[in-house]
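Working notes for the structure below.
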Amino acid sequence: MFKTVKSVLRQNDFLYLFLAEIISVFGDVLFFTAIMWFVFSQSNSSTAVGLLKAVDLLPTLLFVFLFGVFIDRKRSVIIFRIIYIAQGAVVLVLIGAFFSGNVSIPLILTCIFVNALVASGKAPLLNKLLVKINRKNLPEMNTLLAFGKSCCTIGASLLAGLLAENIFLIIVVDLLTFVLAFLLISLIKVKVDREAVEKETLSLKGEIIETIMYLKGNKPLLKMIVVFVFIILTGVSCSLSFPVISEVLNIGNQGFGLLKSVYNGGGLLILFLMPLIKNCQNKIHRFIILSGVMMGGYGIVLNFPIKLVLLLFIGTFSAVTDILFTTFIQKTADEKILGKLFSLITVIAILSSMLGNILYGFLYDALSVQTVMLFSGAVFVLCGGLLWKITDSKVFDFETK
């Protein structure tokens, strides 16, 4: 595992991209966690916090596909620079507002909206740039990025709690992360083709039709995306179970926090599974089925330590599944359409998660935890069986790609 990590990080282009991504993630999490606390402390309103989250999410739903079109037409490194410059400008506005004492909730909401707008294309952009850097090492690169972002998310969340009273310092640190990320991205020297030079520039409607027709002509890939809609929708049951289980087992808010930490911490184990992930690119169904079995066990078992162990594995397998799914798309889809495709998948994932939260909110009110988790586990096992059949297609023969 350590030899693999060392080998991948020796690729300068990936090293610069990796450092830029985890630094910017650290700044984003640090800033958003702290600004949520600031908004709540200033307004004493949960509605204001909910509005803040909505404002952060809405631009991605509305504009990420437009960003995907832009990504498929322009050079990836240049777009990254534009994103970091725009995010840095937003932070400068907030720094000026705090320094002059003119900060207000409407101003914060506006800045969050603009920041989310320009950052909405980072995920599809990152996934496409990785393909251009080194297609052969995609599983390893995706694993390292997922591990690094998990570490930064946990660390930034803890630091934001410690520095929550000094919001001005946090915003300044956030600005520095954008500067560092911009400098690191500028060092990338990967040779990229101009994606749009050989084809006629399409209208937005034409780009949408092109994406739909591509998926229509690639039935195995379309089926895989549909199955993952159900996986994302059903996977919400785990995170929503935490407060319910805390109440059932009478373990209070500390138990709730421990459940959440263990589930998120499961993603840290993926680094040690890197060789396994590399050799299981077309065995994604195994991790889905294992997750389903453990979800059922997590619902049935009443022993709290055993629940934590099962939850740790569920979190780990979920992270592995995300990596394998991303790698599937990167390796099998047409590179010229990757920006739009990952943008579309981002929208689908967000909508599926939102629907899952609503659905399981009703289910947990009406049924027991055991019943809901057994149902979720069964759906996962079924989805794993469907993926087994789908990934058996020659479309996913990685040796010929």
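Chains: A, B, ... in order of the structure tokens. Residues: from 1 per chain. Ligands: from 1, in order shown.
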Closest atom pairs, stretch 86-141 of chain A residues within 9 Å of stretch 330-353 of chain A, only C-alpha atoms, as CSV:
```
residue,atom,partner,partner_atom,distance
A:Ser120,CA,A:Ser343,CA,8.8
A:Gly121,CA,A:Ser343,CA,7.3
A:Ala123,CA,A:Phe342,CA,7.8
A:Pro124,CA,A:Phe342,CA,4.9
A:Leu125,CA,A:Gly339,CA,6.3
A:Asn127,CA,A:Gln330,CA,7.1
A:Lys128,CA,A:Leu338,CA,6.1
A:Leu130,CA,A:Gln330,CA,8.4
A:Val131,CA,A:Gln330,CA,6.5
A:Lys132,CA,A:Glu335,CA,8.8
A:Arg135,CA,A:Lys331,CA,7.2
A:Lys136,CA,A:Lys331,CA,8.9
A:Leu138,CA,A:Gln330,CA,8.0
```
I want to know what sits within 12 Å of A:Met274, based on only C-alpha atoms, with residues of the same chain fewer than 4 positions away left out; could you give that as a CSV table (one decimal) with C-alpha atoms, in the first residue's frame?
```csv
chain,number,residue,atom,x,y,z
A,1,MET,CA,0.0,0.0,0.0
A,2,PHE,CA,2.8,2.5,1.0
A,3,LYS,CA,4.7,1.6,-2.2
A,4,THR,CA,1.6,2.3,-4.3
A,5,VAL,CA,1.0,5.7,-2.5
A,8,VAL,CA,1.3,7.6,-7.4
A,137,ASN,CA,-3.8,4.9,-12.0
A,138,LEU,CA,-7.4,6.2,-11.6
A,139,PRO,CA,-8.4,3.8,-8.8
A,140,GLU,CA,-5.3,4.8,-6.7
A,141,MET,CA,-5.7,8.5,-7.4
A,142,ASN,CA,-9.4,8.4,-6.5
A,143,THR,CA,-8.7,6.5,-3.3
A,144,LEU,CA,-6.0,9.0,-2.2
A,145,LEU,CA,-8.2,11.9,-2.9
A,146,ALA,CA,-11.1,10.4,-1.0
A,147,PHE,CA,-8.8,9.6,1.9
A,267,GLY,CA,-13.7,6.4,5.0
A,268,LEU,CA,-10.3,6.7,6.5
A,269,LEU,CA,-9.7,2.9,6.2
A,270,ILE,CA,-9.9,3.1,2.4
A,278,LYS,CA,-7.4,-1.6,-7.7
A,279,ASN,CA,-8.1,-5.3,-8.3
A,280,CYS,CA,-11.9,-5.0,-7.8
A,281,GLN,CA,-12.7,-2.4,-10.5
A,316,THR,CA,-15.8,2.0,4.6
A,319,ALA,CA,-16.5,5.1,0.4
A,320,VAL,CA,-15.0,2.2,-1.6
A,323,ILE,CA,-14.5,5.3,-5.6
A,324,LEU,CA,-15.2,2.4,-7.8
```
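Straight-line separation from atom CA of A:Leu57 to atom CA of A:Asn102: 25.4 Å.
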Next on the checklist: as a ChimeraX atom specification, please: the residues near A:Gly315 (cut-off 8 Å, only C-alpha atoms, same-chain neighbours under 5 positions excluded).
Outcome noted: /A:262-267
Item to check | Expected answer as a VMD selection string: alpha helix (DSSP H) residues in stretch 204-273 of chain A | outcome: chain A and resid 204 to 217 219 to 248 252 to 265
Checklist entry - Of the residues A:Ile95, A:Ile289, A:Leu158, A:Ile85, which is the one nearest to A:Phe26, using only C-alpha atoms? => result A:Leu158
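Restricting the calculation to only C-alpha atoms, the smallest distance between A:Ile71 and any of A:Phe18, A:Leu129, A:Val293, A:Phe40 is found for A:Leu129.
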Next on the checklist: Using only C-alpha atoms for the distances, tell me which of A:Ala378, A:Val69, A:Val77, A:Val227 is nearest to A:Ile133.
Outcome noted: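 Counting only C-alpha atoms, the residue closest to A:Ile133 is A:Val77.
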Item to check | Contact residues around stretch 179-181 of chain A with only C-alpha atoms at 6 Å, ignoring same-chain residues under 3 positions, as JSON, numbers by chain | outcome: {"A": [20, 176, 184]}
Item to check | stretch 103-114 of chain A surroundings by only C-alpha atoms, 9 Å radius, close-in-sequence under 6 positions cut, as a PyMOL selection string | outcome: chain A and resi 32+35+39+42-43+48+51-52+55-59+86-87+90-91+93-94+96-97
Next on the checklist: as a VMD selection string, please: the residues near stretch 372-375 of chain A (cut-off 9 Å, only C-alpha atoms, same-chain neighbours under 2 positions excluded).
Outcome noted: chain A and resid 237 to 238 241 292 to 293 295 to 300 360 363 to 364 367 to 370 377 to 380
Checklist entry - To one decimal place, how far is atom CA of A:Ser239 from atom CA of A:Leu312 in Å? => result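 One can read the atom CA of A:Ser239 to atom CA of A:Leu312 distance as 12.3 Å.
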Item to check | Separation of atom CA of A:Glu21 from atom CA of A:Ile231, in Å and rounded to one decimal | outcome: 26.4 Å
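Remark: for A:Asn134, the closest of the candidate residues A:Met213, A:Ile154, A:Ile232, A:Leu15 is A:Leu15 (distances computed over only C-alpha atoms).
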